[in-house]
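Report on the structure given below.
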Amino acid sequence: MTTAPVGPLDGAARTRPDGWLATPLSTDRAAAEREAHAILDRHHAGEPGPVYCLTARYRTAVFALGTPPRRILKRHADEGAYQGEVLAYELLAGERVLPDLHRVCDTSRTLLVDYVGQAVTLTSTDAFDELIRAVATIHTASARWYPVVGEAMARWRTGAAVSAPAPQWISHADDWRRLLQLVSDAHGSDHVPLGHLDLKPEHVRRRDDGCLALIDAETLRPDITGLADLITLAFIAGDEPKLAPRWVRHAYLHHVNELGAQWNDHSLVCALTAFASATSLRSLHGAHE
């Protein structure tokens with residue numbers, strides 16, 4: 001087994017066994033670029049060049065297209081991860097929290113999105129508050145879906161999940177059901193609990209229109225709830241003296257309720273502790289204090 005580094009969800013995160021991916025991508029950047037050229041010629045003709053490999057990992061490869069960069073080509077090795085990221089873009093269309101999606105290709109498991117290069121420094125309360133607002137927007141997105149999208153995602157609604165068996169990776173099913181009930185009480189039984197963003201400072205960028213965008217959506221899931229992201233926000237804020245975890249929770253409470261939820265501070269703290277117990281999370285990083 002590969003040992004995962006300690007992170008915001010230590011204890012709750014589950015590592016995959018070595019060799020789980022049958023056809024990993026090349027981790028050699030030159031080889032990855034050659035393969036990207038072939039994919040562009042065959043599946044995404046007319047996109048700007050040149051092609052520059054930003055990352056080459058066995059699960060994903062990311063390339064900047066054009067000088068200066070105008071597009072990002074992202075390639076997945078795993079079909080499930082690819083479909084998950086495509087779904088994330090579809091579910092969040094119109095929310096303006098992700099880069100604009102231009103094209104996908106199921107054959108090559110690739111996405112073409114806008115290049116958003118302006119980094120954001122998260123050391124001030126203003127910038128971090130913008131990030132919290134973007135995360136809250138994602139967590140409440142299902143309330144703004146067209147009816148056809150909501151019906152397509154009906155199996156993930158919290159109203160149904162409360163009475164369903166807990167996932168196998170959950171340590172304590174009673175706490176999991178308590179968490180889901182609290183989420184359902186706050187958002188409504190038709191709520192789909194989008195969450196589990198790959199929140200890292202380097203994934204937060206600013207668009208040309210001034211709005212924040214999260215540049216990596218492949219980990220987003222409809223069955224974990226947004227509590228994982230609130231915990232991660234508290235973890236990130238822990239490096240900055242001005243960004244106390246209690247302030248993070250209160251800012252999240254303000255934004256998520258402004259977007260239609262009905263949390264109060266007590267119920268949100270109860271949900272955080274239920275998440276930790278249900279998943280064997282080792283630390284809430286002060287988000288509950």
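Residue names in the structure tokens use chain letters A, B, ... in the order shown, residue numbers from 1 in each chain, and ligand numbers from 1 in the order shown.
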Show which residues sit within 12 Å of Gly238 (chain A), as an MDAnalysis selection string. Count only C-alpha atoms, and ignore same-chain residues fewer than 4 positions away. chainID A and resid 8 122:123 128 231:234 242:248 284:287
Skip region 195-198 of chain A itself and residues of its chain fewer than 5 positions away, then list as a count of residues only all residues within 10 Å of it, counting only C-alpha atoms. 25
Just list the residues in region 94-266 of chain A DSSP gives helix (DSSP H, G or I) on the backbone, as a ChimeraX atom specification. /A:125-139,141-144,147-152,154-156,158-161,173-187,201-203,227-237,245-258,265-266
Give the answer as one residue: which of A:Val51, A:Ala81, A:Ala134, A:Leu179 has the shortest atom-to-atom distance to Leu21 (chain A), using only C-alpha atoms? A:Ala81
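In this comparison, which uses only C-alpha atoms, the residue of A:His187, A:Lys74, A:Arg29, A:Arg109 approaching Asn257 (chain A) most closely is A:His187.
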